[in-house]
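Listing of work_25.cif; format and content: mmCIF, N, CA, C and O atoms.
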```
data_entry
loop_
_atom_site.label_atom_id
_atom_site.label_comp_id
_atom_site.auth_asym_id
_atom_site.auth_seq_id
_atom_site.Cartn_x
_atom_site.Cartn_y
_atom_site.Cartn_z
N MET P 1 128.03 88.93 115.42
CA MET P 1 127.19 90.07 115.77
C MET P 1 125.80 89.91 115.15
O MET P 1 125.68 89.67 113.96
N ASN P 2 124.79 90.02 115.97
CA ASN P 2 123.42 89.92 115.47
C ASN P 2 122.97 91.21 114.80
O ASN P 2 123.55 92.27 115.01
N TRP P 3 121.93 91.10 114.02
CA TRP P 3 121.29 92.25 113.41
C TRP P 3 120.44 92.95 114.46
O TRP P 3 120.05 92.34 115.46
N THR P 4 120.14 94.23 114.24
CA THR P 4 119.23 94.96 115.13
C THR P 4 118.05 95.45 114.32
O THR P 4 118.17 95.70 113.12
N ILE P 5 116.92 95.59 114.99
CA ILE P 5 115.71 96.09 114.34
C ILE P 5 115.36 97.44 114.94
O ILE P 5 115.31 97.59 116.16
N GLU P 6 115.17 98.42 114.05
CA GLU P 6 114.79 99.77 114.45
C GLU P 6 113.49 100.10 113.73
O GLU P 6 113.10 99.43 112.77
N TYR P 7 112.85 101.15 114.18
CA TYR P 7 111.60 101.60 113.56
C TYR P 7 111.75 103.03 113.06
O TYR P 7 112.42 103.84 113.70
N TYR P 8 111.13 103.31 111.93
CA TYR P 8 111.18 104.65 111.35
C TYR P 8 110.70 105.69 112.36
O TYR P 8 111.27 106.77 112.47
N SER P 9 109.68 105.36 113.11
CA SER P 9 109.14 106.25 114.14
C SER P 9 108.41 105.41 115.18
O SER P 9 108.13 104.24 114.95
N SER P 10 108.08 106.04 116.29
CA SER P 10 107.32 105.32 117.31
C SER P 10 105.92 104.99 116.80
O SER P 10 105.32 103.99 117.19
N ALA P 11 105.39 105.83 115.89
CA ALA P 11 104.07 105.55 115.31
C ALA P 11 104.10 104.27 114.47
O ALA P 11 103.15 103.48 114.51
N VAL P 12 105.19 104.06 113.73
CA VAL P 12 105.32 102.83 112.92
C VAL P 12 105.42 101.62 113.84
O VAL P 12 104.76 100.61 113.62
N GLU P 13 106.19 101.74 114.90
CA GLU P 13 106.32 100.64 115.85
C GLU P 13 104.96 100.31 116.48
O GLU P 13 104.57 99.14 116.56
N LYS P 14 104.23 101.34 116.86
CA LYS P 14 102.90 101.15 117.47
C LYS P 14 101.94 100.49 116.47
O LYS P 14 101.18 99.59 116.82
N GLU P 15 102.00 100.95 115.21
CA GLU P 15 101.14 100.39 114.15
C GLU P 15 101.41 98.90 113.96
O GLU P 15 100.50 98.09 113.87
N ILE P 16 102.69 98.54 113.91
CA ILE P 16 103.06 97.14 113.72
C ILE P 16 102.65 96.30 114.93
O ILE P 16 102.09 95.21 114.79
N LEU P 17 102.89 96.82 116.12
CA LEU P 17 102.57 96.07 117.34
C LEU P 17 101.08 95.98 117.61
O LEU P 17 100.65 95.22 118.47
N SER P 18 100.28 96.72 116.83
CA SER P 18 98.82 96.64 116.99
C SER P 18 98.18 95.73 115.93
O SER P 18 96.95 95.70 115.81
N LEU P 19 99.00 95.00 115.18
CA LEU P 19 98.45 94.03 114.22
C LEU P 19 97.63 92.99 114.99
O LEU P 19 97.89 92.74 116.17
N PRO P 20 96.66 92.36 114.33
CA PRO P 20 95.91 91.27 114.99
C PRO P 20 96.87 90.22 115.55
O PRO P 20 97.96 90.02 115.01
N SER P 21 96.47 89.55 116.61
CA SER P 21 97.38 88.69 117.38
C SER P 21 98.12 87.63 116.55
O SER P 21 99.31 87.40 116.76
N GLY P 22 97.44 86.98 115.62
CA GLY P 22 98.10 85.96 114.80
C GLY P 22 99.16 86.56 113.89
O GLY P 22 100.26 86.00 113.74
N LEU P 23 98.85 87.71 113.29
CA LEU P 23 99.82 88.39 112.44
C LEU P 23 100.99 88.92 113.27
O LEU P 23 102.15 88.82 112.85
N LEU P 24 100.69 89.44 114.45
CA LEU P 24 101.74 89.95 115.32
C LEU P 24 102.68 88.82 115.77
O LEU P 24 103.90 88.98 115.76
N ALA P 25 102.11 87.68 116.12
CA ALA P 25 102.93 86.53 116.53
C ALA P 25 103.87 86.12 115.39
O ALA P 25 105.06 85.84 115.61
N ARG P 26 103.34 86.09 114.19
CA ARG P 26 104.15 85.73 113.02
C ARG P 26 105.24 86.78 112.78
O ARG P 26 106.39 86.44 112.48
N TYR P 27 104.89 88.06 112.90
CA TYR P 27 105.86 89.15 112.75
C TYR P 27 106.99 88.98 113.76
O TYR P 27 108.17 89.06 113.40
N LEU P 28 106.64 88.75 115.02
CA LEU P 28 107.65 88.61 116.06
C LEU P 28 108.56 87.41 115.81
O LEU P 28 109.78 87.48 116.01
N ARG P 29 107.99 86.32 115.33
CA ARG P 29 108.80 85.13 115.01
C ARG P 29 109.76 85.42 113.86
O ARG P 29 110.94 85.08 113.92
N LEU P 30 109.25 86.07 112.80
CA LEU P 30 110.10 86.36 111.65
C LEU P 30 111.19 87.37 112.00
O LEU P 30 112.33 87.25 111.55
N THR P 31 110.87 88.36 112.83
CA THR P 31 111.90 89.33 113.20
C THR P 31 112.95 88.69 114.11
O THR P 31 114.13 89.05 114.02
N ASP P 32 112.57 87.72 114.93
CA ASP P 32 113.57 86.96 115.70
C ASP P 32 114.54 86.26 114.76
O ASP P 32 115.75 86.25 114.99
N LEU P 33 114.01 85.67 113.70
CA LEU P 33 114.86 85.00 112.71
C LEU P 33 115.76 86.01 111.99
O LEU P 33 116.93 85.72 111.72
N MET P 34 115.21 87.19 111.70
CA MET P 34 116.00 88.23 111.02
C MET P 34 117.16 88.70 111.90
O MET P 34 118.26 88.95 111.41
N ILE P 35 116.91 88.84 113.19
CA ILE P 35 117.97 89.27 114.11
C ILE P 35 119.10 88.24 114.11
O ILE P 35 120.28 88.59 114.10
N GLU P 36 118.74 86.98 114.05
CA GLU P 36 119.75 85.91 114.10
C GLU P 36 120.43 85.66 112.75
O GLU P 36 121.64 85.51 112.68
N PHE P 37 119.63 85.62 111.66
CA PHE P 37 120.16 85.19 110.37
C PHE P 37 120.29 86.29 109.33
O PHE P 37 120.83 86.06 108.25
N GLY P 38 119.75 87.48 109.59
CA GLY P 38 119.88 88.58 108.64
C GLY P 38 118.56 88.95 108.00
O GLY P 38 117.52 88.32 108.22
N SER P 39 118.62 90.00 107.20
CA SER P 39 117.41 90.62 106.66
C SER P 39 116.74 89.82 105.55
O SER P 39 115.58 90.03 105.24
N ASN P 40 117.46 88.89 104.92
CA ASN P 40 116.90 88.14 103.80
C ASN P 40 116.57 86.71 104.24
O ASN P 40 117.44 85.85 104.28
N LEU P 41 115.31 86.49 104.55
CA LEU P 41 114.87 85.14 104.92
C LEU P 41 114.46 84.33 103.70
O LEU P 41 114.19 83.14 103.79
N GLY P 42 114.37 84.98 102.55
CA GLY P 42 113.96 84.31 101.32
C GLY P 42 112.45 84.14 101.25
O GLY P 42 111.73 84.35 102.22
N MET P 43 111.99 83.78 100.06
CA MET P 43 110.55 83.56 99.87
C MET P 43 110.14 82.32 100.66
O MET P 43 110.93 81.40 100.78
N PRO P 44 108.99 82.27 101.23
CA PRO P 44 107.88 83.21 101.12
C PRO P 44 107.88 84.30 102.19
O PRO P 44 106.94 85.06 102.29
N HIS P 45 108.96 84.40 102.98
CA HIS P 45 108.96 85.33 104.11
C HIS P 45 109.38 86.76 103.75
O HIS P 45 108.81 87.71 104.27
N THR P 46 110.39 86.89 102.91
CA THR P 46 110.85 88.22 102.49
C THR P 46 110.97 88.27 100.98
O THR P 46 111.22 87.24 100.33
N ARG P 47 110.81 89.48 100.45
CA ARG P 47 110.95 89.66 99.00
C ARG P 47 111.54 91.03 98.74
O ARG P 47 111.10 92.04 99.30
N PHE P 48 112.57 91.06 97.89
CA PHE P 48 113.19 92.32 97.51
C PHE P 48 112.32 92.99 96.46
O PHE P 48 111.90 92.36 95.49
N LEU P 49 112.05 94.28 96.65
CA LEU P 49 111.26 95.03 95.68
C LEU P 49 112.25 95.79 94.79
O LEU P 49 112.95 95.17 94.03
N ASP P 50 112.35 97.09 94.93
CA ASP P 50 113.34 97.80 94.13
C ASP P 50 114.04 98.86 94.95
O ASP P 50 113.55 99.29 95.98
N ASP P 51 115.23 99.24 94.50
CA ASP P 51 116.01 100.30 95.14
C ASP P 51 116.29 100.05 96.61
O ASP P 51 116.35 101.00 97.41
N GLY P 52 116.41 98.81 97.04
CA GLY P 52 116.74 98.52 98.43
C GLY P 52 115.55 98.31 99.35
O GLY P 52 115.73 98.04 100.53
N LEU P 53 114.35 98.46 98.82
CA LEU P 53 113.15 98.25 99.63
C LEU P 53 112.83 96.75 99.67
O LEU P 53 112.88 96.07 98.66
N ILE P 54 112.52 96.27 100.87
CA ILE P 54 112.24 94.84 101.07
C ILE P 54 110.90 94.72 101.80
O ILE P 54 110.57 95.57 102.62
N GLU P 55 110.15 93.67 101.49
CA GLU P 55 108.90 93.46 102.20
C GLU P 55 108.97 92.19 103.01
O GLU P 55 109.49 91.18 102.57
N LEU P 56 108.45 92.29 104.24
CA LEU P 56 108.27 91.14 105.11
C LEU P 56 106.84 90.67 104.88
O LEU P 56 105.90 91.44 105.05
N ARG P 57 106.69 89.43 104.47
CA ARG P 57 105.39 88.89 104.08
C ARG P 57 104.83 88.05 105.23
O ARG P 57 105.36 87.00 105.55
N ILE P 58 103.75 88.55 105.83
CA ILE P 58 103.20 87.92 107.03
C ILE P 58 101.81 87.37 106.71
O ILE P 58 100.98 88.08 106.15
N LYS P 59 101.59 86.14 107.10
CA LYS P 59 100.32 85.48 106.82
C LYS P 59 99.88 84.71 108.05
O LYS P 59 100.69 84.04 108.70
N SER P 60 98.59 84.81 108.38
CA SER P 60 98.01 84.02 109.46
C SER P 60 96.53 83.84 109.18
O SER P 60 96.03 84.32 108.16
N LYS P 61 95.83 83.19 110.09
CA LYS P 61 94.40 82.97 109.85
C LYS P 61 93.62 84.28 109.79
O LYS P 61 92.55 84.34 109.21
N GLU P 62 94.17 85.38 110.39
CA GLU P 62 93.48 86.67 110.34
C GLU P 62 93.64 87.39 109.00
O GLU P 62 92.95 88.36 108.75
N GLY P 63 94.58 86.95 108.19
CA GLY P 63 94.77 87.59 106.90
C GLY P 63 96.24 87.70 106.53
O GLY P 63 97.06 86.90 106.97
N ILE P 64 96.53 88.71 105.73
CA ILE P 64 97.87 88.92 105.21
C ILE P 64 98.29 90.35 105.51
O ILE P 64 97.51 91.29 105.31
N ALA P 65 99.52 90.51 105.97
CA ALA P 65 100.06 91.85 106.22
C ALA P 65 101.42 91.96 105.55
O ALA P 65 102.06 90.94 105.26
N ARG P 66 101.83 93.18 105.31
CA ARG P 66 103.16 93.45 104.76
C ARG P 66 103.81 94.52 105.61
O ARG P 66 103.16 95.47 106.05
N VAL P 67 105.10 94.34 105.86
CA VAL P 67 105.90 95.35 106.53
C VAL P 67 107.07 95.66 105.60
O VAL P 67 107.81 94.75 105.23
N PHE P 68 107.20 96.92 105.22
CA PHE P 68 108.31 97.32 104.37
C PHE P 68 109.48 97.73 105.23
O PHE P 68 109.31 98.38 106.27
N TYR P 69 110.68 97.37 104.80
CA TYR P 69 111.88 97.73 105.55
C TYR P 69 113.06 97.88 104.61
O TYR P 69 113.01 97.52 103.43
N CYS P 70 114.14 98.46 105.16
CA CYS P 70 115.39 98.56 104.44
C CYS P 70 116.51 98.21 105.41
O CYS P 70 116.28 98.07 106.61
N THR P 71 117.71 98.06 104.88
CA THR P 71 118.85 97.73 105.74
C THR P 71 119.89 98.84 105.64
O THR P 71 119.98 99.53 104.63
N LEU P 72 120.64 98.98 106.72
CA LEU P 72 121.70 99.98 106.78
C LEU P 72 123.00 99.29 107.17
O LEU P 72 122.99 98.18 107.71
N VAL P 73 124.11 99.97 106.93
CA VAL P 73 125.42 99.44 107.31
C VAL P 73 125.42 99.17 108.81
O VAL P 73 124.81 99.91 109.58
N GLY P 74 126.09 98.13 109.20
CA GLY P 74 126.17 97.79 110.62
C GLY P 74 125.09 96.82 111.04
O GLY P 74 124.72 96.76 112.20
N LYS P 75 124.58 96.05 110.07
CA LYS P 75 123.56 95.03 110.36
C LYS P 75 122.33 95.64 111.04
O LYS P 75 121.88 95.16 112.08
N ARG P 76 121.82 96.71 110.48
CA ARG P 76 120.64 97.38 111.01
C ARG P 76 119.48 97.24 110.04
O ARG P 76 119.63 97.49 108.84
N ILE P 77 118.33 96.86 110.57
CA ILE P 77 117.10 96.73 109.79
C ILE P 77 116.15 97.83 110.29
O ILE P 77 115.93 97.94 111.49
N VAL P 78 115.63 98.62 109.35
CA VAL P 78 114.71 99.71 109.73
C VAL P 78 113.33 99.41 109.16
O VAL P 78 113.15 99.37 107.94
N MET P 79 112.37 99.21 110.04
CA MET P 79 110.98 98.99 109.64
C MET P 79 110.36 100.33 109.27
O MET P 79 110.39 101.27 110.07
N LEU P 80 109.83 100.42 108.06
CA LEU P 80 109.37 101.69 107.52
C LEU P 80 107.87 101.89 107.60
O LEU P 80 107.40 102.99 107.89
N SER P 81 107.10 100.86 107.29
CA SER P 81 105.63 100.98 107.30
C SER P 81 105.02 99.59 107.23
O SER P 81 105.69 98.62 106.91
N SER P 82 103.73 99.54 107.53
CA SER P 82 103.02 98.26 107.46
C SER P 82 101.58 98.50 107.04
O SER P 82 101.07 99.61 107.16
N PHE P 83 100.96 97.46 106.53
CA PHE P 83 99.54 97.52 106.20
C PHE P 83 99.00 96.11 106.09
O PHE P 83 99.75 95.15 105.92
N ILE P 84 97.69 95.99 106.22
CA ILE P 84 97.01 94.69 106.04
C ILE P 84 96.50 94.65 104.62
O ILE P 84 95.82 95.58 104.16
N LYS P 85 96.84 93.58 103.91
CA LYS P 85 96.44 93.45 102.50
C LYS P 85 94.96 93.12 102.39
O LYS P 85 94.46 92.26 103.09
N LYS P 86 94.32 93.82 101.48
CA LYS P 86 92.91 93.54 101.20
C LYS P 86 92.69 93.13 99.75
O LYS P 86 91.63 92.66 99.38
N THR P 87 93.73 93.32 98.92
CA THR P 87 93.66 92.92 97.51
C THR P 87 94.93 92.15 97.17
O THR P 87 95.88 92.13 97.95
N ASN P 88 94.95 91.55 95.99
CA ASN P 88 96.13 90.79 95.57
C ASN P 88 97.33 91.69 95.30
O ASN P 88 98.46 91.28 95.49
N LYS P 89 97.08 92.89 94.84
CA LYS P 89 98.16 93.79 94.46
C LYS P 89 98.45 94.78 95.60
O LYS P 89 97.54 95.29 96.24
N THR P 90 99.72 95.06 95.81
CA THR P 90 100.11 96.03 96.84
C THR P 90 99.73 97.43 96.36
O THR P 90 100.11 97.82 95.25
N PRO P 91 99.00 98.18 97.17
CA PRO P 91 98.60 99.53 96.76
C PRO P 91 99.82 100.44 96.52
O PRO P 91 100.77 100.43 97.31
N LYS P 92 99.78 101.22 95.44
CA LYS P 92 100.88 102.13 95.10
C LYS P 92 101.12 103.13 96.23
O LYS P 92 102.26 103.50 96.49
N LYS P 93 100.06 103.55 96.89
CA LYS P 93 100.17 104.51 97.98
C LYS P 93 101.08 103.97 99.09
O LYS P 93 101.93 104.68 99.62
N GLU P 94 100.92 102.69 99.41
CA GLU P 94 101.74 102.07 100.46
C GLU P 94 103.22 102.00 100.04
O GLU P 94 104.11 102.24 100.85
N LEU P 95 103.45 101.67 98.77
CA LEU P 95 104.82 101.63 98.25
C LEU P 95 105.47 103.01 98.29
O LEU P 95 106.64 103.14 98.66
N LEU P 96 104.71 104.04 97.91
CA LEU P 96 105.24 105.40 97.91
C LEU P 96 105.62 105.85 99.32
O LEU P 96 106.66 106.48 99.51
N ILE P 97 104.77 105.55 100.28
CA ILE P 97 105.06 105.91 101.68
C ILE P 97 106.38 105.25 102.11
O ILE P 97 107.27 105.90 102.66
N ALA P 98 106.51 103.96 101.84
CA ALA P 98 107.71 103.22 102.24
C ALA P 98 108.95 103.77 101.54
O ALA P 98 110.01 103.93 102.17
N LYS P 99 108.85 104.07 100.25
CA LYS P 99 110.01 104.59 99.51
C LYS P 99 110.44 105.95 100.02
O LYS P 99 111.64 106.22 100.17
N LYS P 100 109.47 106.83 100.31
CA LYS P 100 109.81 108.16 100.86
C LYS P 100 110.52 108.01 102.20
O LYS P 100 111.53 108.68 102.45
N ARG P 101 110.00 107.15 103.04
CA ARG P 101 110.62 106.95 104.35
C ARG P 101 112.01 106.34 104.22
O ARG P 101 112.94 106.73 104.93
N MET P 102 112.16 105.39 103.30
CA MET P 102 113.46 104.77 103.08
C MET P 102 114.48 105.82 102.63
O MET P 102 115.61 105.86 103.12
N ASN P 103 114.07 106.68 101.71
CA ASN P 103 114.98 107.73 101.23
C ASN P 103 115.40 108.66 102.35
O ASN P 103 116.57 109.05 102.44
N LYS P 104 114.48 109.01 103.25
CA LYS P 104 114.82 109.84 104.41
C LYS P 104 115.81 109.14 105.33
O LYS P 104 116.77 109.74 105.79
N VAL P 105 115.56 107.86 105.59
CA VAL P 105 116.44 107.08 106.45
C VAL P 105 117.85 107.01 105.84
O VAL P 105 118.85 107.22 106.54
N LEU P 106 117.93 106.75 104.55
CA LEU P 106 119.22 106.64 103.89
C LEU P 106 119.95 107.97 103.88
O LEU P 106 121.17 108.04 104.05
N GLU P 107 119.22 109.07 103.67
CA GLU P 107 119.83 110.42 103.69
C GLU P 107 120.42 110.72 105.05
O GLU P 107 121.52 111.25 105.15
N ASN P 108 119.68 110.40 106.09
CA ASN P 108 120.11 110.73 107.45
C ASN P 108 121.19 109.80 107.98
O ASN P 108 121.82 110.10 108.99
N ASP P 109 121.41 108.68 107.31
CA ASP P 109 122.39 107.71 107.78
C ASP P 109 123.80 108.02 107.30
O ASP P 109 124.76 107.50 107.82
N THR P 110 123.92 108.86 106.28
CA THR P 110 125.26 109.12 105.72
C THR P 110 125.99 110.22 106.44
O THR P 110 125.51 110.95 107.22
#
```
Represent the structure from my file as C-alpha cells, please.
Amino acid sequence: MNWTIEYYSSAVEKEILSLPSGLLARYLRLTDLMIEFGSNLGMPHTRFLDDGLIELRIKSKEGIARVFYCTLVGKRIVMLSSFIKKTNKTPKKELLIAKKRMNKVLENDT
C-alpha cells in the first residue's frame, strides 16, 4: 500500500503549487518518492524537527523552500505549510504556524 498526500487546507495546497517552477518540480518529484517509499526520505530531503513535525527540504536554482508536514496512521502524509527561505535560520513564526496546524490535524484524527 502506497502512502497518500493530503493538505491541511486548499489554501496550503494552492500556496505549495504556486512555488516557482524549479522548486515546484522538485517538490513534485520528492512527493512522488514519498508516496512510494514513505515520509522519511532522509537528509538532505527530509528532516525530523520535534514532536512529529517534519520538514521537506526543497532546493533549486530559484532558491530554497521548506514544506512542513506530519504523518498519520494509515500511511497518510499531511502537508501543513510552506515558505521560501530567505535566511539561514527557519523563522519561528513559520514553525509556530506548522505546529498549531499539526496539533489541529492530530486532534481531529483521533
Range 91-110 of chain P near range 36-58 of chain P within 8 Å: what's each residue's closest atom pair and its distance in Å to one decimal, counting all atoms listed in the file, ordered by chain then ascending residue number, as a Markdown table?
```
| residue | atom | partner | partner_atom | distance |
| --- | --- | --- | --- | --- |
| P:Ala98 | O | P:Leu53 | CA | 7.0 |
| P:Lys99 | CA | P:Leu53 | CA | 7.1 |
| P:Met102 | C | P:Asp51 | O | 7.3 |
| P:Asn103 | N | P:Asp51 | O | 7.5 |
```
Could you write out that same residue set with N, CA, C and O atoms as a compact mmCIF listing (two decimals), in the frame of the given file?
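The resulting file, result_38.txt, is reproduced below:
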```
# COMPACT_ATOMS: atom_id res chain seq x y z
N ALA P 98 106.51 103.96 101.84
CA ALA P 98 107.71 103.22 102.24
C ALA P 98 108.95 103.77 101.54
O ALA P 98 110.01 103.93 102.17
N LYS P 99 108.85 104.07 100.25
CA LYS P 99 110.01 104.59 99.51
C LYS P 99 110.44 105.95 100.02
O LYS P 99 111.64 106.22 100.17
N MET P 102 112.16 105.39 103.30
CA MET P 102 113.46 104.77 103.08
C MET P 102 114.48 105.82 102.63
O MET P 102 115.61 105.86 103.12
N ASN P 103 114.07 106.68 101.71
CA ASN P 103 114.98 107.73 101.23
C ASN P 103 115.40 108.66 102.35
O ASN P 103 116.57 109.05 102.44
```
field: Counting all atoms listed in the file, the option among P:Lys61, P:Glu13, P:Met1, P:Asp109 closest to Val73 in chain P
entry: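 Nearest candidate to Val73 in chain P out of P:Lys61, P:Glu13, P:Met1, P:Asp109: P:Asp109.
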message: Using only C-alpha atoms, which protein or nucleic acid residues come within 9 Å of Glu15 in chain P? Drop anything in the same chain fewer than 3 positions from it, and give the result as number ranges by chain.
response: P: 10-12, 18-19, 81-83
Atoms kept (N, CA, C and O atoms) for selection, written as a PDB file, keeping the file's coordinate frame:
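So the final result, stored in part35.pdb, reads:
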```pdb
ATOM      1  N   SER P  10     108.080 106.040 116.290  1.00  0.00           N
ATOM      2  CA  SER P  10     107.320 105.320 117.310  1.00  0.00           C
ATOM      3  C   SER P  10     105.920 104.990 116.800  1.00  0.00           C
ATOM      4  O   SER P  10     105.320 103.990 117.190  1.00  0.00           O
ATOM      5  N   ALA P  11     105.390 105.830 115.890  1.00  0.00           N
ATOM      6  CA  ALA P  11     104.070 105.550 115.310  1.00  0.00           C
ATOM      7  C   ALA P  11     104.100 104.270 114.470  1.00  0.00           C
ATOM      8  O   ALA P  11     103.150 103.480 114.510  1.00  0.00           O
ATOM      9  N   VAL P  12     105.190 104.060 113.730  1.00  0.00           N
ATOM     10  CA  VAL P  12     105.320 102.830 112.920  1.00  0.00           C
ATOM     11  C   VAL P  12     105.420 101.620 113.840  1.00  0.00           C
ATOM     12  O   VAL P  12     104.760 100.610 113.620  1.00  0.00           O
ATOM     13  N   SER P  18     100.280  96.720 116.830  1.00  0.00           N
ATOM     14  CA  SER P  18      98.820  96.640 116.990  1.00  0.00           C
ATOM     15  C   SER P  18      98.180  95.730 115.930  1.00  0.00           C
ATOM     16  O   SER P  18      96.950  95.700 115.810  1.00  0.00           O
ATOM     17  N   LEU P  19      99.000  95.000 115.180  1.00  0.00           N
ATOM     18  CA  LEU P  19      98.450  94.030 114.220  1.00  0.00           C
ATOM     19  C   LEU P  19      97.630  92.990 114.990  1.00  0.00           C
ATOM     20  O   LEU P  19      97.890  92.740 116.170  1.00  0.00           O
ATOM     21  N   SER P  81     107.100 100.860 107.290  1.00  0.00           N
ATOM     22  CA  SER P  81     105.630 100.980 107.300  1.00  0.00           C
ATOM     23  C   SER P  81     105.020  99.590 107.230  1.00  0.00           C
ATOM     24  O   SER P  81     105.690  98.620 106.910  1.00  0.00           O
ATOM     25  N   SER P  82     103.730  99.540 107.530  1.00  0.00           N
ATOM     26  CA  SER P  82     103.020  98.260 107.460  1.00  0.00           C
ATOM     27  C   SER P  82     101.580  98.500 107.040  1.00  0.00           C
ATOM     28  O   SER P  82     101.070  99.610 107.160  1.00  0.00           O
ATOM     29  N   PHE P  83     100.960  97.460 106.530  1.00  0.00           N
ATOM     30  CA  PHE P  83      99.540  97.520 106.200  1.00  0.00           C
ATOM     31  C   PHE P  83      99.000  96.110 106.090  1.00  0.00           C
ATOM     32  O   PHE P  83      99.750  95.150 105.920  1.00  0.00           O
TER      33      PHE P  83
END
```
task: Quote the spacing between atom C of Glu107 in chain P and atom O of Asn2 in chain P in Å to one decimal place.
output: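 Calculated distance between atom C of Glu107 in chain P and atom O of Asn2 in chain P is 21.2 Å.
Atom pair atom C of Ile5 in chain P / atom O of Pro20 in chain P has a distance of 18.9 Å (rounded to one decimal).
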- request: Give me every strand (DSSP E or B) residue in chain P, going by DSSP on the backbone, as a ChimeraX atom specification.
  value: /P:4-7,46-48,54-60,63-72,76-84
- request: For the structure provided, state which residues fall under the PyMOL selection byres ((chain P and resi 22) around 7), and present them as a list of chain:residue names.
  value: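 Checked against the file, the PyMOL selection byres ((chain P and resi 22) around 7) matches P:Leu19, P:Pro20, P:Ser21, P:Leu23, P:Leu24, P:Ala25, P:Arg26, P:Tyr27, P:Lys59, P:Ser60, P:Lys61, P:Glu62.
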